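First comes the structure, then the notes that go with it.
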Amino acid sequence: MSDTASPPPAALRGLDAAAVRARQAAEGFNELPRPDRRTPFRIVLEVLREPMLALLIGGGVVYLALGDLKEALILLCFASLSVVITVVQETRTERVLEALRDLTSPRALVIRGGARQRIAGREVVRGDLIVLSEGDRVPADAALLQSQDMQTDESLLTGESVPVRKLATADGASSEIHRPGGDDLPYVFSGSLVVRGAGVAEVVAIGAHSEIGKIGQSLGALKTEAPRLQAQTRRLVRVFGIVGGAVSLLAVVLYGTLRGSWLDAVLAGITIGMSMLPEEFPVVLTVFMAMGAWRISQARVLTRRAASIETLGSATVLCTDKTGTLTKNKMSIVELRLPDGAALRPDASATTVALPAAFSGLLQAGVLAAAPDPFDPMDVAFHELGKATLPASFTQRQIGRKPVQSYGLRPDLLAMSQGWDGGDGHSVVAAKGAPEAIATLCRLDDAQRARLAPQIDAMAEAGLRVLGVARAAFTGEQWPASQRDFDFEFLGLVGLADPLRDAVPAAVKDCRSAGIRVVMITGDYPATARAIARSAGLAADDCVSGDALARMDDAALAARVRSATVFARIMPEQKLRIVEALKADGEIVAMTGDGVNDAPSLKAAHIGIAMGGRGTDVAREASSIVLLDDDFASIVRAVRLGRRIYDNLRKAMGFIFAVHVPIAGLALFPLLFGYPILLGPIHIAFLEMIIDPVCSLVFEAETEEKDVMQRPPRDPEQPLFSGALIGWGLLQGALALALVIGVFAIGQSRGMPETEIRALTFFALVLSIVGLILVNRSFSSSLWEALRRPSLTLVAVLVLVVSVLSLSLLWPAARELFKFGPLHPDDLALTLGAAVTMLIGLELIKPLWRDRIHGGVR
């Protein structure tokens, strides 16, 4: 409608300027209330209070105080990177309600003081009269006072892909508004789109009081769960800090008491404290999450919160929306059926195959009955199939043509007709609509209707939206007042559906093999939901409707969600109830969606997965993962990568446990047995400069285990640092320590100088660390199988280790820094032999620990 259209009837004058100002002062603007936003500065302060980050910064300060600028800068750089990543991610999540606010504030055409004026959507007040026409976004919840063949798309609020009809209210506006969804209601809702017709409505709810505003309020009230790995790592760091501090203090006291040199005692205490300082844990966790997000992005999946990667491998239930997630969110004609029952499933992509004459006539009539420039998805479907399969002579003739007469849907006759000038005073009238309405227009008798009913039922049971199509001829200049006055011929039925995405059945099958239960939650009707579920490979018999769910208390719902696979006619808050019930039952829930109605459940789920292409900003901002290509199969790839990342993270953590045992042991050993101190702060710093890259690069780059998608999801209560993993790490470390001390004892028996013994022991320790890398590359494969898997990262690290060790012996400055003496070939052979012995011994023991490490699942 134009802004300069004729004045409205006197009865529709709208509010005057004084009333508008009074209501804006009393009720505010038509927008969601601004939350108490966390500014980037506030987020930085919160991040700086995190124990893990404090440990990184503290470690850097300690190294700086010790004069090791390089290691200090490395740790401080990690700390800075961690702060930046966290602040960026947290700032983005603060935009959730901002995106929702933008969606709810389109431009609006209102009637005020008897005149029409265009205003910003945020300026609409309760009681305003809004003028709506095809293509408009509704600015607020309103009751229709006038309606001309109006239909609106409410899929953002309900998940239904089919527009709903609207009727004007006979009783005037009421604050008692119905919920979105369903035909023939006199209400329109903020954020919905007018796809057909026009009308005038009185605003009854704005801002937070609208249906979309209520979703925003529930979204703002939800809190994202803290990542489990961060919590577990934080606890372990505390334990290490307490134990390391106690041991360091004891070492200072013992050294000072037994040897009398308190300055050396302090140096020994610092060395032991550094050897037990587990700064690798937060560093490795940060690197794994960041690298994991990058790897998943290569599969067209954006990770908005890196911590969600940890949860992917333990997901047990995938709750998926139907519209736009399993389906293409685009209506298509999937079946044409003639009056005699003959059926055809057309292929819009087969542009060279012409339809049989009878089916072609049916589709041509359907195209003529549709709006020539359609918004309605069903009209669009007729035009798209017509362009693909009808003769060029027909489609080219229709370009730019307009009907000379139109008859819209009416409450008493759910059909629409279009009259077209055929030339020489002859016209063609085409009609489409509900089958029973078309049967009425065609004056079918009871026998004809009885033959038609089973066909309609069969198509509806298959989840199709069924329309009847008819055609009539008209001669004359004065068009009848009603479409009932034509002599229509019944041409057949047309079945429309929102088709399933091609990759969905295979993705559902992969989820099943990985032990992930797929549950479909949709606002659509049960018959449609069951049909889509069957096509996707889901068990469609156990279907729960929204009405049935509303009658369940929390206990009944918790029992029902254990078996139900399809939930139909579900409202947004019911989606949230389903997710919460699954979580309460101990499930790890992943939730997919793309609409505003999905945002609360996306945020409440352990893993919220939004569609990046069709998804709204609100859904994307509320989620932790976004599928950039809207491909349901990408979820399976993300789960596979999530399991691989978690497996590799456990390998890295087990390796860290193992490595700290010989490092700490060699720091304590001389103190306990009266030998000169072997390792000083520079040696510990050097070793930990090796450990960090090894963990973050070699293990992170490891390929997936061969059974990664055949094992069930890991127990959500299974800790990252399980007793078996800690025990395996301690066992490896103890064996490495024993062999390194053995090498030290051999050097002592040979009467080697202190500098040569230090070099001999240090080399044995570094080669043992390399051996531990090889042992921990795979839990489920032997060393030989692991070595056959190429790893350029491992090769690069080995070359680096050999190069650095060579420099420490051959470069005088480095040899002086480390206080190393020269080593001979037999000395190097001894250190290599110790490492090989440890490697063989651990490989023989590893099968005995394999099931314990995996918790019974390999």
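Identifiers in the structure tokens: chain A, B, ... in order shown; residue index from 1 per chain; ligand index from 1 in order shown.
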
Report task. Give the helix (DSSP H, G or I) residues of stretch 111-207 of chain A, as DSSP finds them on the backbone, and put them as a ChimeraX atom specification. Result -> /A:121-123,155-158,207

Keeping only N, CA and C atoms, write the selected residues as an mmCIF file, in the first residue's frame.
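Listing of part-v1.cif after writing:
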```
data_model
loop_
_atom_site.group_PDB
_atom_site.id
_atom_site.type_symbol
_atom_site.label_atom_id
_atom_site.label_comp_id
_atom_site.auth_asym_id
_atom_site.auth_seq_id
_atom_site.Cartn_x
_atom_site.Cartn_y
_atom_site.Cartn_z
ATOM 1 N N GLY A 121 9.541 1.179 13.386
ATOM 2 C CA GLY A 121 8.814 0.165 14.127
ATOM 3 C C GLY A 121 8.894 0.351 15.624
ATOM 4 N N ARG A 122 10.019 0.889 16.131
ATOM 5 C CA ARG A 122 10.179 1.062 17.572
ATOM 6 C C ARG A 122 9.227 2.123 18.126
ATOM 7 N N GLU A 123 8.621 2.969 17.237
ATOM 8 C CA GLU A 123 7.733 4.030 17.692
ATOM 9 C C GLU A 123 6.274 3.601 17.744
ATOM 10 N N SER A 155 6.760 -18.785 10.448
ATOM 11 C CA SER A 155 7.719 -19.862 10.689
ATOM 12 C C SER A 155 8.803 -19.464 11.694
ATOM 13 N N LEU A 156 9.131 -18.173 11.777
ATOM 14 C CA LEU A 156 10.130 -17.757 12.760
ATOM 15 C C LEU A 156 9.672 -18.044 14.184
ATOM 16 N N LEU A 157 8.345 -18.014 14.382
ATOM 17 C CA LEU A 157 7.798 -18.199 15.718
ATOM 18 C C LEU A 157 7.320 -19.618 15.977
ATOM 19 N N THR A 158 6.862 -20.308 14.929
ATOM 20 C CA THR A 158 6.248 -21.624 15.135
ATOM 21 C C THR A 158 7.032 -22.760 14.514
ATOM 22 N N GLY A 207 7.028 -4.753 22.117
ATOM 23 C CA GLY A 207 8.272 -5.005 22.839
ATOM 24 C C GLY A 207 8.302 -6.331 23.564
#
```

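Of the residues under consideration (A:Lys819, A:His824, A:Gly256, A:Cys511), A:Cys511 shows the shortest atom-to-atom contact distance to A:Gln710 when counting only C-alpha atoms.
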
Requested in this report: Just the residues within 9 Å of A:Phe763, please, counting only C-alpha atoms, with nothing from its chain fewer than 4 positions along; format it as a PyMOL selection string.
Outcome: chain A and resi 758-759+767-768+805+828+831-832

Write out the residues from the selection above, keeping N, CA and C atoms, as a JSON list (two decimals), in the first residue's frame.
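Generated output (result.json):
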```json
[["chain", "number", "residue", "atom", "x", "y", "z"],
["A", 758, "ARG", "N", 75.65, -34.52, 33.89],
["A", 758, "ARG", "CA", 74.46, -33.70, 33.66],
["A", 758, "ARG", "C", 74.01, -33.82, 32.20],
["A", 759, "ALA", "N", 74.95, -33.73, 31.27],
["A", 759, "ALA", "CA", 74.60, -33.86, 29.85],
["A", 759, "ALA", "C", 74.06, -35.25, 29.55],
["A", 767, "LEU", "N", 65.40, -37.96, 25.31],
["A", 767, "LEU", "CA", 65.07, -39.09, 24.43],
["A", 767, "LEU", "C", 63.93, -39.92, 25.01],
["A", 768, "SER", "N", 63.85, -39.99, 26.33],
["A", 768, "SER", "CA", 62.72, -40.69, 26.95],
["A", 768, "SER", "C", 61.41, -39.94, 26.68],
["A", 805, "LEU", "N", 69.42, -30.54, 20.54],
["A", 805, "LEU", "CA", 70.37, -31.32, 21.34],
["A", 805, "LEU", "C", 71.77, -31.22, 20.75],
["A", 828, "LEU", "N", 76.09, -41.52, 23.94],
["A", 828, "LEU", "CA", 74.85, -41.30, 23.20],
["A", 828, "LEU", "C", 74.11, -42.61, 22.96],
["A", 831, "THR", "N", 72.17, -43.51, 26.12],
["A", 831, "THR", "CA", 70.91, -42.75, 26.30],
["A", 831, "THR", "C", 69.84, -43.25, 25.32],
["A", 832, "LEU", "N", 70.26, -43.55, 24.08],
["A", 832, "LEU", "CA", 69.30, -44.05, 23.10],
["A", 832, "LEU", "C", 68.79, -45.44, 23.49]]
```

Requested in this report: Compile the contact shell of A:Leu731 as a list in words: residues with an atom at most 10 Å away, counting only C-alpha atoms, same-chain residues fewer than 3 positions apart removed.
Outcome: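 What passes the distance filter is Phe657, Ala658, Val661, Leu725, Ile726, Gly727, Trp728, Ala734, Leu735, Ala736, Leu737, Leu842 and Ile845 of chain A.
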
Generate the output file for the selected residues, C-alpha atoms, as a PDB file, in the first residue's frame.
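Output below, filename result_12.pdb:
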```
ATOM      1  CA  PHE A 657      51.462 -36.531  33.574  1.00  0.00           C
ATOM      2  CA  ALA A 658      54.116 -38.958  32.383  1.00  0.00           C
ATOM      3  CA  VAL A 661      57.305 -37.546  36.852  1.00  0.00           C
ATOM      4  CA  LEU A 725      44.683 -42.038  32.729  1.00  0.00           C
ATOM      5  CA  ILE A 726      46.548 -40.625  35.720  1.00  0.00           C
ATOM      6  CA  GLY A 727      47.765 -44.101  36.641  1.00  0.00           C
ATOM      7  CA  TRP A 728      48.945 -44.747  33.083  1.00  0.00           C
ATOM      8  CA  ALA A 734      58.059 -43.926  36.768  1.00  0.00           C
ATOM      9  CA  LEU A 735      59.593 -46.270  34.172  1.00  0.00           C
ATOM     10  CA  ALA A 736      61.219 -43.324  32.371  1.00  0.00           C
ATOM     11  CA  LEU A 737      62.570 -41.985  35.675  1.00  0.00           C
ATOM     12  CA  LEU A 842      55.522 -49.565  27.648  1.00  0.00           C
ATOM     13  CA  ILE A 845      52.180 -52.979  29.018  1.00  0.00           C
TER      14      ILE A 845
END
```

Query - Minimum-distance residue to A:Met752, chosen among A:Ala198, A:Leu810, A:Leu800, A:Leu823 (using only C-alpha atoms) - result: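 So, comparing all the options, the nearest one is A:Leu823.
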
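Atom CA of A:Ala764 is positioned 8.8 Å from atom CA of A:Phe744.
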